[in-house]
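First up is the structure itself, then whatever we jot down about it.
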Amino acid sequence: MKALRWHDQKDLRLDNIEEPTATKGKVKIRVEWCGICGSDLHEYTAGPIFVPQDAPHPLTGEKAPIVMGHEFSGQVVEIGEGVTKVSVGDRVVVEPIYACGECEACQQGKYNLCEKMGFLGLSGGGGGFSSFVAADEIMVHKIPDSVSYEQGALVEPSAVALHAVRKSKLKVGDKAAVFGAGPIGLLVIEALKASGASEIYAVELSPERKQKAAELGAIVIDPKEFDAVKEIHKLTNGGVDVAYEVTGVPPVLTQALMSTKMGGELMIVSIFEKEAPIHPNNVVMQERTIKGIIGYCDVFPAVISLMDKGYFPAEKLVTKRIQLKDVLSEGFESLMKEKDQVKILVKPE
């Protein structure tokens, strides 16, 4: 089968590889849709970050070239020995985190903080940019008929957003700011709506992404037109309770911090390619807190339930659908050049 594999920075190739089988404890899935993630873009432009290049990943035993794609949905076509959670024909999504199950974090149930943590589609084990994937049974979640395969491909990034909001100190009725209205930023807006935020401010430059944020109910601030920090403080009478940084751009980190009120909280959701300086006094003098999140933990069922109720709508977030053969030119390169793109879904051949 054809599969998109990471060979090196700026070196992704559509290779012919062997189709996987459902061995013991595995579930073979025919991929319906796979989304291109910001993490995929980071690996393409500045990797390796999660991709094991020089030595095999400790949990998968694989190293580059690695099949990419971790935001995907599909249908079960084969189950391996001992699999009881799903059956052939089930509509499913995959929670792509590898965890050792033995380290301190895993013992505490925080498998997203596993010291050997990896991702299917980044660390080995196959990936969604291919026709079939064989995933561990524990990774597989069924989706109801009310959740389309396109919607299913948004479960993984939506889980990042919901985890970010759940790990923050946001309470029902609080005010929040989201810096960056790309795919994850827009999903954070949805998660904030589901969590009862009374006001949501979105700071974004792109006209198309500003429109998407407004469609989702956010109050949009263009940092070219306003000093975002001052505008948020003016509109909220002192700052938001929680700000979410979702750009990965160093100067924005300070802006997000400063948009919070006394005792406010900054949640870092982005993966940064470069260091980002923060003056400690901006934290100390207002007793603010800073917290980071990675991935998600025990949140997929909640995301699927919220999707069943209409949250995280694919029709408002998916801006392009392409075939696997066009994944480089119409996918990765398009996301880098066209700021109007939000979420691009790829259909395997």
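Going by the structure tokens order, chains are called A, B, ..., each with residues numbered from 1, while ligands are numbered from 1 in the order shown.
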
task: Check the DSSP output for the backbone and give back, as a VMD selection string, the residues of stretch 123-308 of chain A in alpha helix (DSSP H).
output: chain A and resid 149 to 152 155 to 167 183 to 194 207 to 215 228 to 236 250 to 258 281 to 284 300 to 308

Please tabulate, as a Markdown table, the residues of stretch 141-205 of chain A that come within 12 Å of stretch 114-136 of chain A, each with its closest pair of atoms and the distance in Å to one decimal, counting only C-alpha atoms and ordering rows by chain, then residue number upward.
| residue | atom | partner | partner_atom | distance |
| --- | --- | --- | --- | --- |
| A:His141 | CA | A:Asp136 | CA | 10.9 |
| A:Ala153 | CA | A:Gly128 | CA | 9.7 |
| A:Glu156 | CA | A:Phe119 | CA | 11.5 |

Per residue of stretch 18-62 of chain A within 12 Å of stretch 237-260 of chain A, note the shortest atom pair and the distance in Å to one decimal, counting only C-alpha atoms, and order the rows by chain and increasing residue number, as a tab-separated table.
residue	atom	partner	partner_atom	distance
A:Gly38	CA	A:Thr247	CA	9.9
A:Ser39	CA	A:Gly248	CA	11.0
A:His42	CA	A:Gly248	CA	10.4

Non-local contacts of A:Lys316 (9 Å; only C-alpha atoms; under 2 positions in same chain excluded) as a CSV table (one decimal) with C-alpha atoms, in the first residue's frame:
chain,number,residue,atom,x,y,z
A,212,LYS,CA,-13.9,31.0,11.8
A,215,GLU,CA,-18.5,31.8,13.7
A,216,LEU,CA,-17.7,29.7,16.7
A,312,PHE,CA,-16.4,20.5,17.4
A,313,PRO,CA,-18.3,20.7,14.1
A,314,ALA,CA,-16.4,19.4,11.1
A,318,VAL,CA,-12.5,21.4,7.7
A,319,THR,CA,-11.4,23.7,4.9

field: Shell of 12 Å around A:Lys291, only C-alpha atoms, local chain residues under 4 positions omitted, as an NGL selection string
entry: :A and (164-169 or 242-245 or 253 or 257 or 264-270 or 283)

Neighbour list for A:Ala46 as an mmCIF file with N, CA, C and O atoms, in the first residue's frame, cut-off 12 Å, only C-alpha atoms, skip fewer than 4 positions in-chain:
data_model
loop_
_atom_site.group_PDB
_atom_site.id
_atom_site.type_symbol
_atom_site.label_atom_id
_atom_site.label_comp_id
_atom_site.auth_asym_id
_atom_site.auth_seq_id
_atom_site.Cartn_x
_atom_site.Cartn_y
_atom_site.Cartn_z
ATOM 1 N N TRP A 6 8.052 9.843 6.859
ATOM 2 C CA TRP A 6 9.065 10.856 7.201
ATOM 3 C C TRP A 6 10.435 10.199 7.097
ATOM 4 O O TRP A 6 10.722 9.220 7.789
ATOM 5 N N ASP A 8 13.348 12.498 6.643
ATOM 6 C CA ASP A 8 14.222 13.518 7.223
ATOM 7 C C ASP A 8 13.485 14.851 7.137
ATOM 8 O O ASP A 8 12.413 14.947 6.540
ATOM 9 N N GLN A 9 14.075 15.873 7.748
ATOM 10 C CA GLN A 9 13.498 17.211 7.667
ATOM 11 C C GLN A 9 13.329 17.603 6.204
ATOM 12 O O GLN A 9 14.241 17.443 5.399
ATOM 13 N N LYS A 10 12.133 18.089 5.864
ATOM 14 C CA LYS A 10 11.758 18.469 4.495
ATOM 15 C C LYS A 10 11.855 17.295 3.521
ATOM 16 O O LYS A 10 12.008 17.500 2.321
ATOM 17 N N ASP A 11 11.787 16.078 4.026
ATOM 18 C CA ASP A 11 11.894 14.892 3.176
ATOM 19 C C ASP A 11 10.804 13.884 3.540
ATOM 20 O O ASP A 11 11.027 12.949 4.293
ATOM 21 N N GLY A 38 -0.594 20.152 13.299
ATOM 22 C CA GLY A 38 0.520 21.085 13.448
ATOM 23 C C GLY A 38 1.798 20.373 13.816
ATOM 24 O O GLY A 38 2.892 20.780 13.402
ATOM 25 N N SER A 39 1.690 19.280 14.586
ATOM 26 C CA SER A 39 2.878 18.494 14.927
ATOM 27 C C SER A 39 3.500 17.872 13.681
ATOM 28 O O SER A 39 4.722 17.776 13.567
ATOM 29 N N ASP A 40 2.655 17.447 12.742
ATOM 30 C CA ASP A 40 3.170 16.914 11.477
ATOM 31 C C ASP A 40 3.957 17.985 10.732
ATOM 32 O O ASP A 40 5.028 17.720 10.172
ATOM 33 N N LEU A 41 3.408 19.201 10.726
ATOM 34 C CA LEU A 41 4.104 20.309 10.060
ATOM 35 C C LEU A 41 5.440 20.608 10.728
ATOM 36 O O LEU A 41 6.442 20.860 10.051
ATOM 37 N N HIS A 42 5.461 20.593 12.065
ATOM 38 C CA HIS A 42 6.711 20.826 12.791
ATOM 39 C C HIS A 42 7.755 19.770 12.427
ATOM 40 O O HIS A 42 8.935 20.077 12.248
ATOM 41 N N PHE A 50 9.446 14.472 17.556
ATOM 42 C CA PHE A 50 8.982 13.211 18.137
ATOM 43 C C PHE A 50 9.483 11.998 17.345
ATOM 44 O O PHE A 50 9.531 10.898 17.872
ATOM 45 N N VAL A 51 9.805 12.206 16.076
ATOM 46 C CA VAL A 51 10.230 11.083 15.232
ATOM 47 C C VAL A 51 11.597 10.570 15.684
ATOM 48 O O VAL A 51 12.548 11.345 15.785
ATOM 49 N N ILE A 271 3.587 23.513 20.827
ATOM 50 C CA ILE A 271 4.951 22.991 20.815
ATOM 51 C C ILE A 271 5.828 24.085 20.200
ATOM 52 O O ILE A 271 5.557 24.562 19.091
ATOM 53 N N PHE A 272 6.852 24.512 20.921
ATOM 54 C CA PHE A 272 7.717 25.600 20.449
ATOM 55 C C PHE A 272 8.974 25.051 19.769
ATOM 56 O O PHE A 272 9.555 24.075 20.252
ATOM 57 N N GLU A 273 9.363 25.672 18.678
ATOM 58 C CA GLU A 273 10.599 25.303 17.998
ATOM 59 C C GLU A 273 11.789 26.084 18.558
ATOM 60 O O GLU A 273 12.932 25.670 18.420
ATOM 61 N N LYS A 274 11.504 27.239 19.206
ATOM 62 C CA LYS A 274 12.566 28.084 19.755
ATOM 63 C C LYS A 274 12.229 28.459 21.192
ATOM 64 O O LYS A 274 11.080 28.376 21.619
#
